[in-house]
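Enquirer: Hey, dropping upload-v1.tsv in here, TSV, C-alpha atoms:
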chain	number	residue	atom	x	y	z
A	2	MET	CA	26.14	23.42	17.55
A	3	THR	CA	26.58	23.27	13.77
A	4	MET	CA	24.91	25.53	11.26
A	5	MET	CA	22.68	22.64	10.09
A	6	ALA	CA	21.56	21.91	13.64
A	7	GLN	CA	20.76	25.59	14.17
A	8	GLN	CA	18.46	25.51	11.12
A	9	ALA	CA	16.43	22.60	12.47
A	10	PRO	CA	12.94	23.57	13.71
A	11	ARG	CA	13.03	23.62	17.49
A	12	THR	CA	9.72	24.98	18.78
A	13	ILE	CA	6.29	23.48	18.17
A	14	LEU	CA	5.32	26.54	16.13
A	15	GLU	CA	8.38	26.21	13.90
A	16	ARG	CA	7.69	22.53	13.34
A	17	PHE	CA	4.04	23.27	12.60
A	18	THR	CA	4.86	25.89	9.97
A	19	LYS	CA	7.62	23.81	8.35
A	20	MET	CA	5.48	20.69	8.03
A	21	ASN	CA	5.03	19.54	4.44
A	22	TRP	CA	1.50	20.84	3.97
A	23	GLY	CA	1.45	19.74	0.35
A	24	ILE	CA	1.45	16.07	1.33
A	25	ILE	CA	-0.99	16.64	4.19
A	26	ASN	CA	-3.48	18.45	1.94
A	27	VAL	CA	-3.28	15.74	-0.72
A	28	LEU	CA	-3.88	13.03	1.89
A	29	VAL	CA	-6.92	14.95	3.17
A	30	LEU	CA	-8.32	15.33	-0.36
A	31	ILE	CA	-7.90	11.61	-1.02
A	32	ALA	CA	-9.64	10.80	2.29
A	33	CYS	CA	-12.51	13.15	1.37
A	34	VAL	CA	-12.96	11.19	-1.87
A	35	GLY	CA	-13.15	8.04	0.24
A	36	VAL	CA	-15.81	9.48	2.56
A	37	ALA	CA	-17.86	10.71	-0.42
A	38	MET	CA	-17.73	7.29	-2.10
A	39	HIS	CA	-18.66	5.43	1.08
A	40	PHE	CA	-21.61	7.81	1.41
A	41	SER	CA	-22.59	6.67	-2.09
A	42	VAL	CA	-22.00	3.01	-1.16
A	43	SER	CA	-24.47	3.59	1.68
A	44	SER	CA	-27.08	4.88	-0.83
A	45	GLY	CA	-26.79	8.47	0.30
A	46	GLU	CA	-27.10	7.90	4.05
A	47	TRP	CA	-24.69	8.72	6.86
A	48	THR	CA	-24.36	5.15	8.04
A	49	ASP	CA	-21.46	3.65	9.95
A	50	MET	CA	-19.35	3.23	6.82
A	51	PRO	CA	-18.74	6.88	5.73
A	52	LEU	CA	-18.66	8.08	9.35
A	53	THR	CA	-16.22	5.37	10.42
A	54	HIS	CA	-14.01	6.00	7.42
A	55	GLY	CA	-13.87	9.74	8.05
A	56	LEU	CA	-13.35	9.50	11.81
A	57	ARG	CA	-10.72	6.81	11.36
A	58	PHE	CA	-8.75	8.99	8.96
A	59	ALA	CA	-9.08	12.03	11.21
A	60	ALA	CA	-7.76	10.11	14.23
A	61	LEU	CA	-4.87	8.61	12.27
A	62	ALA	CA	-4.08	12.00	10.70
A	63	VAL	CA	-3.74	13.57	14.16
A	64	VAL	CA	-1.45	10.75	15.28
A	65	MET	CA	0.55	11.07	12.03
A	66	PHE	CA	0.89	14.83	12.49
A	67	LEU	CA	2.01	14.59	16.13
A	68	ALA	CA	4.41	11.73	15.40
A	69	ALA	CA	6.00	13.64	12.54
A	70	MET	CA	6.58	16.68	14.76
A	71	ALA	CA	7.92	14.71	17.72
A	72	LEU	CA	9.95	11.90	16.12
A	73	ASP	CA	12.77	12.30	13.63
A	74	ALA	CA	14.18	9.66	11.28
A	75	ARG	CA	16.44	8.28	14.01
A	76	PHE	CA	13.37	6.95	15.83
A	77	TRP	CA	12.25	5.06	12.73
A	78	LEU	CA	15.77	3.77	12.24
A	79	THR	CA	15.77	2.47	15.82
A	80	ILE	CA	12.45	0.65	15.60
A	81	ALA	CA	13.03	-0.77	12.10
A	82	TYR	CA	14.24	-4.23	13.12
A	83	PRO	CA	11.95	-4.59	16.17
A	84	LEU	CA	8.92	-3.61	14.06
A	85	TYR	CA	9.89	-6.15	11.41
A	86	ALA	CA	10.31	-8.85	14.09
A	87	VAL	CA	6.90	-8.04	15.61
A	88	ALA	CA	5.22	-8.09	12.20
A	89	LEU	CA	6.84	-11.43	11.40
A	90	LEU	CA	5.74	-12.90	14.74
A	91	LEU	CA	2.19	-11.68	14.11
A	92	LEU	CA	2.22	-13.37	10.71
A	93	ILE	CA	3.29	-16.60	12.41
A	94	ALA	CA	0.51	-16.08	14.97
A	95	VAL	CA	-1.98	-15.86	12.11
A	96	GLU	CA	-0.87	-19.33	11.03
A	97	VAL	CA	-1.51	-20.63	14.56
A	98	ALA	CA	-4.59	-18.71	15.72
A	99	GLY	CA	-5.75	-16.57	12.83
A	100	GLU	CA	-9.40	-15.97	11.98
A	101	THR	CA	-10.68	-17.29	8.67
A	102	ARG	CA	-13.00	-15.10	6.61
A	103	MET	CA	-14.15	-15.76	3.06
A	104	GLY	CA	-11.82	-18.75	2.74
A	105	ALA	CA	-8.65	-16.92	3.82
A	106	THR	CA	-6.88	-16.83	7.19
A	107	ARG	CA	-5.50	-13.29	7.23
A	108	TRP	CA	-6.90	-11.72	10.40
A	109	LEU	CA	-5.72	-11.80	13.98
A	110	ASP	CA	-8.03	-10.80	16.82
A	111	ILE	CA	-6.27	-9.19	19.78
A	112	GLY	CA	-8.98	-8.31	22.29
A	113	PRO	CA	-11.48	-6.00	20.57
A	114	VAL	CA	-9.04	-5.24	17.74
A	115	SER	CA	-9.02	-7.21	14.50
A	116	MET	CA	-5.97	-6.65	12.31
A	117	GLN	CA	-4.16	-7.95	9.25
A	118	PRO	CA	-0.47	-8.33	10.19
A	119	SER	CA	0.40	-8.50	6.49
A	120	GLU	CA	-0.49	-4.80	6.21
A	121	ILE	CA	1.97	-3.95	8.98
A	122	MET	CA	4.64	-5.92	7.16
A	123	LYS	CA	4.29	-3.66	4.12
A	124	ILE	CA	5.86	-0.78	6.03
A	125	ALA	CA	8.05	-2.97	8.27
A	126	ILE	CA	9.89	-4.50	5.30
A	127	VAL	CA	10.66	-1.02	3.93
A	128	LEU	CA	12.06	0.17	7.26
A	129	ALA	CA	14.09	-2.99	7.90
A	130	LEU	CA	15.71	-2.99	4.47
A	131	ALA	CA	16.35	0.76	4.61
A	132	ARG	CA	18.18	0.25	7.91
A	133	TYR	CA	20.14	-2.69	6.50
A	134	TYR	CA	21.42	-0.69	3.52
A	135	HIS	CA	21.98	2.42	5.64
A	136	PHE	CA	24.74	0.66	7.58
A	137	LEU	CA	26.02	-1.54	4.75
A	138	ASP	CA	29.27	-0.58	3.03
A	139	PRO	CA	28.29	0.50	-0.53
A	140	ARG	CA	31.07	-1.70	-1.92
A	141	ARG	CA	29.27	-4.77	-0.58
A	142	THR	CA	25.77	-4.10	-1.95
A	143	GLY	CA	26.41	-6.13	-5.10
A	144	THR	CA	28.14	-9.13	-3.53
A	145	VAL	CA	26.24	-12.40	-3.19
A	146	LEU	CA	26.97	-12.83	0.52
A	147	TRP	CA	25.39	-9.48	1.45
A	148	ILE	CA	22.33	-10.08	-0.74
A	149	VAL	CA	21.33	-13.13	1.30
A	150	PRO	CA	20.07	-11.29	4.46
A	151	PRO	CA	17.67	-8.92	2.62
A	152	PHE	CA	16.58	-11.80	0.40
A	153	LEU	CA	15.63	-13.87	3.45
A	154	MET	CA	13.97	-10.83	5.06
A	155	ILE	CA	11.69	-10.59	2.02
A	156	VAL	CA	11.08	-14.29	1.39
A	157	ALA	CA	9.98	-15.11	4.96
A	158	PRO	CA	6.92	-12.79	5.09
A	159	VAL	CA	6.08	-13.39	1.43
A	160	ALA	CA	5.89	-17.15	2.06
A	161	LEU	CA	3.73	-16.68	5.17
A	162	VAL	CA	1.34	-14.28	3.41
A	163	MET	CA	1.10	-16.55	0.36
A	164	HIS	CA	0.02	-19.38	2.66
A	165	GLN	CA	-2.90	-17.37	4.11
A	166	PRO	CA	-3.59	-17.18	1.05
A	167	ASP	CA	-3.15	-13.54	-0.01
A	168	LEU	CA	-1.35	-13.37	-3.34
A	169	GLY	CA	-1.82	-9.63	-3.82
A	170	THR	CA	-0.31	-8.60	-0.48
A	171	ALA	CA	2.54	-11.09	-0.90
A	172	LEU	CA	3.40	-9.52	-4.26
A	173	MET	CA	3.25	-6.02	-2.73
A	174	ILE	CA	5.68	-6.97	0.05
A	175	LEU	CA	7.95	-8.51	-2.59
A	176	PHE	CA	7.74	-5.41	-4.80
A	177	ALA	CA	8.44	-2.99	-1.93
A	178	GLY	CA	11.40	-5.05	-0.79
A	179	VAL	CA	12.89	-5.33	-4.27
A	180	CYS	CA	12.47	-1.57	-4.79
A	181	VAL	CA	14.44	-0.80	-1.63
A	182	MET	CA	17.12	-3.33	-2.63
A	183	PHE	CA	17.38	-1.72	-6.06
A	184	LEU	CA	17.68	1.78	-4.60
A	185	GLY	CA	20.19	0.44	-2.08
A	186	GLY	CA	22.57	-0.41	-4.92
A	187	LEU	CA	21.58	-3.81	-6.29
A	188	LEU	CA	23.48	-4.54	-9.50
A	189	TRP	CA	21.66	-4.90	-12.83
A	190	ARG	CA	23.05	-8.39	-13.48
A	191	ILE	CA	21.61	-9.55	-10.17
A	192	ILE	CA	18.27	-7.94	-11.02
A	193	ALA	CA	18.26	-9.75	-14.38
A	194	ALA	CA	19.06	-13.07	-12.71
A	195	GLY	CA	16.33	-12.41	-10.16
A	196	ALA	CA	13.83	-11.70	-12.95
A	197	ILE	CA	14.62	-15.06	-14.55
A	198	VAL	CA	14.18	-16.80	-11.23
A	199	ALA	CA	10.92	-14.89	-10.67
A	200	VAL	CA	9.49	-16.13	-13.97
A	201	GLY	CA	10.36	-19.70	-13.07
A	202	THR	CA	8.90	-19.26	-9.59
A	203	ALA	CA	5.69	-17.79	-11.04
A	204	ILE	CA	5.25	-20.81	-13.31
A	205	PHE	CA	5.87	-23.16	-10.39
A	206	ALA	CA	3.46	-21.22	-8.18
A	207	TYR	CA	0.77	-21.36	-10.87
A	208	THR	CA	1.06	-25.12	-11.26
A	209	SER	CA	1.72	-26.18	-7.67
A	210	ILE	CA	1.10	-23.46	-5.06
A	211	LEU	CA	-1.90	-21.30	-6.04
A	212	HIS	CA	-5.28	-22.26	-4.68
A	213	ASP	CA	-7.98	-23.23	-7.14
A	214	TYR	CA	-9.80	-19.90	-6.96
A	215	GLN	CA	-6.55	-18.02	-7.52
A	216	ARG	CA	-5.69	-20.20	-10.51
A	217	ASP	CA	-9.20	-19.62	-11.88
A	218	ARG	CA	-8.70	-15.86	-11.70
A	219	VAL	CA	-5.39	-16.14	-13.54
A	220	ASN	CA	-7.01	-18.36	-16.18
A	221	VAL	CA	-9.79	-15.82	-16.73
A	222	PHE	CA	-7.24	-13.02	-16.97
A	223	LEU	CA	-5.17	-14.95	-19.54
A	224	GLY	CA	-8.27	-15.90	-21.51
A	225	ILE	CA	-7.73	-19.61	-20.91
A	226	THR	CA	-11.24	-19.93	-19.48
A	227	ASP	CA	-14.38	-17.82	-19.63
A	228	ASP	CA	-16.40	-17.78	-16.41
A	229	PRO	CA	-18.66	-14.70	-16.39
A	230	LEU	CA	-20.74	-15.96	-13.46
A	231	GLY	CA	-17.81	-17.20	-11.39
A	232	ALA	CA	-14.17	-16.14	-11.37
A	233	GLY	CA	-14.75	-13.54	-14.09
A	234	TYR	CA	-17.86	-11.95	-12.55
A	235	HIS	CA	-16.08	-9.15	-10.64
A	236	VAL	CA	-14.09	-7.87	-13.60
A	237	LEU	CA	-17.04	-8.25	-15.99
A	238	GLN	CA	-19.28	-6.07	-13.83
A	239	SER	CA	-16.42	-3.61	-13.34
A	240	LYS	CA	-15.87	-3.30	-17.09
A	241	ILE	CA	-19.58	-2.75	-17.66
A	242	ALA	CA	-19.62	0.04	-15.07
A	243	ILE	CA	-16.49	1.73	-16.40
A	244	GLY	CA	-17.41	1.26	-20.05
A	245	SER	CA	-20.81	2.91	-19.59
A	246	ALA	CA	-19.48	5.90	-17.60
A	247	GLY	CA	-18.34	8.08	-20.46
A	248	PHE	CA	-16.44	11.31	-19.92
A	249	PHE	CA	-18.41	12.70	-16.97
A	250	GLY	CA	-20.03	9.54	-15.56
A	251	ARG	CA	-23.61	8.74	-14.64
A	252	GLY	CA	-23.69	11.18	-11.74
A	253	TYR	CA	-23.16	11.00	-8.01
A	254	LEU	CA	-25.33	8.27	-6.42
A	255	GLN	CA	-26.54	7.32	-9.93
A	256	GLY	CA	-24.24	4.44	-10.88
A	257	SER	CA	-26.42	1.52	-11.93
A	258	GLN	CA	-23.92	-1.30	-11.39
A	259	ALA	CA	-22.95	-0.04	-7.94
A	260	GLN	CA	-26.31	1.21	-6.65
A	261	LEU	CA	-28.15	-1.91	-7.82
A	262	ASP	CA	-25.51	-4.14	-6.20
A	263	PHE	CA	-24.24	-5.76	-9.39
A	264	LEU	CA	-20.72	-4.62	-8.51
A	265	PRO	CA	-19.15	-6.78	-5.75
A	266	GLU	CA	-16.75	-5.40	-3.11
A	267	LYS	CA	-17.61	-1.84	-4.15
A	268	HIS	CA	-16.52	-0.46	-0.78
A	269	THR	CA	-13.05	-2.07	-0.90
A	270	ASP	CA	-11.31	-3.58	-3.92
A	271	PHE	CA	-13.63	-2.15	-6.59
A	272	ILE	CA	-14.22	1.33	-5.23
A	273	PHE	CA	-12.27	2.88	-8.12
A	274	THR	CA	-14.84	1.34	-10.47
A	275	MET	CA	-17.56	3.14	-8.54
A	276	ILE	CA	-15.66	6.43	-8.80
A	277	VAL	CA	-15.37	6.11	-12.57
A	278	GLU	CA	-18.98	4.98	-13.01
A	279	GLU	CA	-20.32	8.01	-11.14
A	280	PHE	CA	-17.76	10.64	-12.22
A	281	GLY	CA	-16.45	9.23	-15.49
A	282	LEU	CA	-13.02	9.65	-16.99
A	283	VAL	CA	-12.74	13.07	-15.34
A	284	GLY	CA	-13.33	11.68	-11.85
A	285	GLY	CA	-11.00	8.71	-12.32
A	286	GLY	CA	-8.32	10.97	-13.78
A	287	PHE	CA	-8.65	13.38	-10.86
A	288	VAL	CA	-8.10	10.58	-8.33
A	289	LEU	CA	-5.09	9.26	-10.23
A	290	ALA	CA	-3.70	12.81	-10.46
A	291	LEU	CA	-3.96	13.12	-6.66
A	292	PHE	CA	-1.98	9.93	-6.20
A	293	ALA	CA	0.57	11.02	-8.82
A	294	LEU	CA	1.01	14.32	-6.96
A	295	LEU	CA	1.42	12.43	-3.69
A	296	MET	CA	4.10	10.20	-5.24
A	297	GLY	CA	5.91	13.20	-6.69
A	298	LEU	CA	5.98	15.04	-3.36
A	299	THR	CA	7.16	11.89	-1.58
A	300	MET	CA	9.98	11.26	-4.04
A	301	ARG	CA	11.10	14.87	-3.70
A	302	ILE	CA	11.43	14.32	0.06
A	303	ALA	CA	13.42	11.14	-0.66
A	304	ALA	CA	15.72	13.04	-3.01
A	305	ASN	CA	16.33	15.80	-0.43
A	306	ALA	CA	16.89	13.50	2.55
A	307	ARG	CA	20.37	13.79	4.04
A	308	SER	CA	20.66	10.23	5.32
A	309	HIS	CA	20.73	7.06	3.24
A	310	PHE	CA	18.06	5.61	5.53
A	311	GLY	CA	15.79	8.61	4.94
A	312	ARG	CA	16.15	8.35	1.17
A	313	LEU	CA	15.43	4.63	1.07
A	314	ALA	CA	12.57	4.73	3.59
A	315	ALA	CA	10.74	7.61	1.88
A	316	ALA	CA	11.23	6.08	-1.58
A	317	GLY	CA	10.04	2.73	-0.21
A	318	VAL	CA	6.83	4.28	1.07
A	319	ALA	CA	6.29	5.91	-2.34
A	320	ALA	CA	6.87	2.58	-4.07
A	321	THR	CA	4.44	0.79	-1.75
A	322	VAL	CA	1.63	3.30	-2.30
A	323	ALA	CA	2.33	3.37	-6.04
A	324	CYS	CA	2.01	-0.42	-6.11
A	325	TYR	CA	-1.31	-0.17	-4.23
A	326	VAL	CA	-2.68	2.26	-6.80
A	327	PHE	CA	-1.34	0.50	-9.88
A	328	VAL	CA	-2.53	-2.98	-8.92
A	329	ASN	CA	-5.95	-1.79	-7.75
A	330	THR	CA	-6.72	0.32	-10.82
A	331	ALA	CA	-5.23	-2.22	-13.23
A	332	MET	CA	-7.20	-4.99	-11.54
A	333	VAL	CA	-10.60	-3.33	-11.95
A	334	ILE	CA	-10.12	-2.86	-15.71
A	335	GLY	CA	-8.76	-6.35	-16.29
A	336	LEU	CA	-5.08	-5.54	-16.87
A	337	VAL	CA	-3.97	-7.80	-14.00
A	338	PRO	CA	-5.75	-10.68	-12.23
A	339	VAL	CA	-8.04	-9.90	-9.29
A	340	VAL	CA	-5.82	-10.16	-6.21
A	341	GLY	CA	-7.69	-8.16	-3.56
A	342	ILE	CA	-5.65	-4.96	-3.21
A	343	PRO	CA	-7.47	-1.88	-1.78
A	344	LEU	CA	-7.13	1.69	-3.03
A	345	PRO	CA	-5.16	3.42	-0.25
A	346	ILE	CA	-7.10	5.81	2.03
A	347	ILE	CA	-10.19	5.47	-0.20
A	348	SER	CA	-11.12	1.81	0.23
A	349	PHE	CA	-12.77	0.88	3.52
A	350	GLY	CA	-10.42	-0.81	5.98
A	351	GLY	CA	-8.56	0.20	9.09
A	352	THR	CA	-5.31	-1.75	8.94
A	353	ALA	CA	-4.44	-0.67	5.39
A	354	MET	CA	-5.12	2.97	6.23
A	355	MET	CA	-3.07	2.72	9.40
A	356	THR	CA	-0.14	1.32	7.41
A	357	VAL	CA	-0.22	4.13	4.86
A	358	MET	CA	-0.58	6.84	7.50
A	359	ALA	CA	2.28	5.38	9.55
A	360	GLY	CA	4.40	5.45	6.42
A	361	TYR	CA	3.59	9.11	5.88
A	362	ALA	CA	4.25	9.97	9.52
A	363	MET	CA	7.77	8.73	8.82
A	364	VAL	CA	8.00	10.56	5.46
A	365	LEU	CA	6.90	13.85	7.04
A	366	ALA	CA	9.38	13.35	9.88
A	367	ILE	CA	12.21	12.71	7.43
A	368	ASP	CA	11.38	15.96	5.67
A	369	LEU	CA	10.80	18.05	8.80
A	370	HIS	CA	13.95	16.93	10.64
A	371	LYS	CA	16.27	16.41	7.67
A	372	GLU	CA	18.87	18.83	9.11
A	373	ARG	CA	19.32	16.50	12.08
A	374	PHE	CA	19.65	13.15	10.30
Is it possible to give me this structure as structure tokens?
Expert:
Amino acid sequence: MTMMAQQAPRTILERFTKMNWGIINVLVLIACVGVAMHFSVSSGEWTDMPLTHGLRFAALAVVMFLAAMALDARFWLTIAYPLYAVALLLLIAVEVAGETRMGATRWLDIGPVSMQPSEIMKIAIVLALARYYHFLDPRRTGTVLWIVPPFLMIVAPVALVMHQPDLGTALMILFAGVCVMFLGGLLWRIIAAGAIVAVGTAIFAYTSILHDYQRDRVNVFLGITDDPLGAGYHVLQSKIAIGSAGFFGRGYLQGSQAQLDFLPEKHTDFIFTMIVEEFGLVGGGFVLALFALLMGLTMRIAANARSHFGRLAAAGVAATVACYVFVNTAMVIGLVPVVGIPLPIISFGGTAMMTVMAGYAMVLAIDLHKERF
């Protein structure tokens, strides 16, 4: 047995004490913010929403903790391709037998469980690409032939999710995949060529692929049209709430736009608006600081990982969560079009939380068992 193997935590107690408690504590703090805001969404009553959110996080946290202690990075490496295949098949199943809600076919009902397979793909694409580059000869990462497989792995789910339609999630899958490709050794000239192609594709998508309501949101964002009672209503109400909050906010349970139901989707996409309205710049800054700390701790694990797979997978999870946070917070203040991206672990929703917690089960495992793989 090597010296590195001897240093690996062997007993349950050793694994418990060597767990990355910094990340765990930050995740718990973020979840507590979510429970508090859903209590406010429910007008100060312990209804199903805050209780469900809290219990859901607690259950997933226990699973995350146990999985991190029991499974090292080799397990995630093994399931990377099968998980991607399952997620892709579920996306195809959505096309065939998906449930339509609010004009979009994104959900799949399997018995009593309703899920969004696109959320599973967010972590599956990271794992699959991390495995691909883990075994790929570094000398081949910049050649055209070896760029084709990861390109197809990204394009397939992006196209399926775009068709649902879910522009925001499609862009997140694309961003996570490109981040892993970049960290895997993608050359700058290929990135530049890809950026040019992306601009052309965006123009084509705007003119020929986007649905009318998506194009309306882009037009409002660009200032081409002004529709305060239609496509621009969400952002207008969000800006009113944020603009009136001041430094310390209106007070807990005292936000006028949220409590009087002027603010739509306040429990999901626009929950950050509610945080700022009630707690002001201080509250919004505190939440962003928590996410920044989480990203920093995650990237430190990626930097210290001994395997190429561990580095890419942990960095991919950090990139995915960072994209969640950036798009959501930028969306509610009008910096990007409204695309329906939740704030991770704070917004209400089971599949998105499950995806993030699964990602951090892997990150914690990579850190805990780094001497082994």
Enquirer: Write out as a list in words which residues come within 12 Å of A:Leu30 when counting only C-alpha atoms, dropping same-chain ones fewer than 3 positions away.
Expert: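 What passes the distance filter is Gly23, Ile24, Ile25, Asn26, Val27, Cys33, Val34, Gly35, Val36, Ala37, Gly55, Phe58, Phe287, Val288, Ala290, Leu291, Phe292, Leu294, Leu295, Ile346 and Ile347 of chain A.
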Enquirer: Interatomic distance between atom CA of A:Ala306 and atom CA of A:Ala320?
Expert: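 That distance, rounded to one decimal, is 16.2 Å.
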Enquirer: With a distance cut-off of 9 Å and all atoms listed in the file, select the neighbouring residues of A:Ala71, excluding the residue or stretch itself and same-chain residues fewer than 3 positions from it, and output the selection as a list in words.
Expert: Ile13, Arg16, Phe66, Leu67, Ala68 and Ala366 of chain A
Enquirer: With C-alpha atoms kept, could you save the residues just selected as a PDB file, keeping the file's coordinate frame?
Expert:
ATOM      1  CA  ILE A  13       6.290  23.480  18.170  1.00  0.00           C
ATOM      2  CA  ARG A  16       7.690  22.530  13.340  1.00  0.00           C
ATOM      3  CA  PHE A  66       0.890  14.830  12.490  1.00  0.00           C
ATOM      4  CA  LEU A  67       2.010  14.590  16.130  1.00  0.00           C
ATOM      5  CA  ALA A  68       4.410  11.730  15.400  1.00  0.00           C
ATOM      6  CA  ALA A 366       9.380  13.350   9.880  1.00  0.00           C
TER       7      ALA A 366
END
Enquirer: Mind listing as an MDAnalysis selection string all residues within 9 Å of (-1.7, -4.9, -3.3), counting only C-alpha atoms?
Expert: chainID A and resid 168:174 321:322 324:329 340:344
Enquirer: Output C-alpha atoms for every residue in the selection just made, as a PDB file, in the coordinates of the input.
Expert:
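The result, stored in selection.pdb:
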ATOM      1  CA  LEU A 168      -1.350 -13.370  -3.340  1.00  0.00           C
ATOM      2  CA  GLY A 169      -1.820  -9.630  -3.820  1.00  0.00           C
ATOM      3  CA  THR A 170      -0.310  -8.600  -0.480  1.00  0.00           C
ATOM      4  CA  ALA A 171       2.540 -11.090  -0.900  1.00  0.00           C
ATOM      5  CA  LEU A 172       3.400  -9.520  -4.260  1.00  0.00           C
ATOM      6  CA  MET A 173       3.250  -6.020  -2.730  1.00  0.00           C
ATOM      7  CA  ILE A 174       5.680  -6.970   0.050  1.00  0.00           C
ATOM      8  CA  THR A 321       4.440   0.790  -1.750  1.00  0.00           C
ATOM      9  CA  VAL A 322       1.630   3.300  -2.300  1.00  0.00           C
ATOM     10  CA  CYS A 324       2.010  -0.420  -6.110  1.00  0.00           C
ATOM     11  CA  TYR A 325      -1.310  -0.170  -4.230  1.00  0.00           C
ATOM     12  CA  VAL A 326      -2.680   2.260  -6.800  1.00  0.00           C
ATOM     13  CA  PHE A 327      -1.340   0.500  -9.880  1.00  0.00           C
ATOM     14  CA  VAL A 328      -2.530  -2.980  -8.920  1.00  0.00           C
ATOM     15  CA  ASN A 329      -5.950  -1.790  -7.750  1.00  0.00           C
ATOM     16  CA  VAL A 340      -5.820 -10.160  -6.210  1.00  0.00           C
ATOM     17  CA  GLY A 341      -7.690  -8.160  -3.560  1.00  0.00           C
ATOM     18  CA  ILE A 342      -5.650  -4.960  -3.210  1.00  0.00           C
ATOM     19  CA  PRO A 343      -7.470  -1.880  -1.780  1.00  0.00           C
ATOM     20  CA  LEU A 344      -7.130   1.690  -3.030  1.00  0.00           C
TER      21      LEU A 344
END
Enquirer: Just how far from atom CA of A:Leu298 is atom CA of A:Ala125, in Å to one decimal?
Expert: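 Going from atom CA of A:Ala125 over to atom CA of A:Leu298 covers 21.5 Å.
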